[in-house]
Amino acid sequence: MIELMLSLVMKSQRTFTVVIERDEDGYYVGTVPALRGCHTQAKTLDTLMKRMREAVELCLQSEDGGGRSSLELVGVQQISI
């Protein structure tokens, strides 16, 4: 029975991409592009990732599933102008 429950939990696990930026005050800002409105901030990366987990869980629990998007993050590029 425990193995079945563990198997169900593992199958339902999803992976999300977190985009991390640093603002002018030195705070890290994390955003999950696949979940509309899913973002948080923290002073350290460790704290940011803990808060991101909480933010993702809350977004998934919301009525519309966090406004799920079919977009997949492909990459980040920089340009100089």
# chains A, B, ... in the order shown; residues from 1 in each chain; ligands from 1

call {"tool": "residues_around", "arguments": {"residues": "stretch 19-28 of chain A", "least_positions_apart": "5", "cutoff": "12 Å", "atoms": "only C-alpha atoms", "output": "PyMOL selection string"}}
result
chain A and resi 33-35+38-49+51-52+72-76
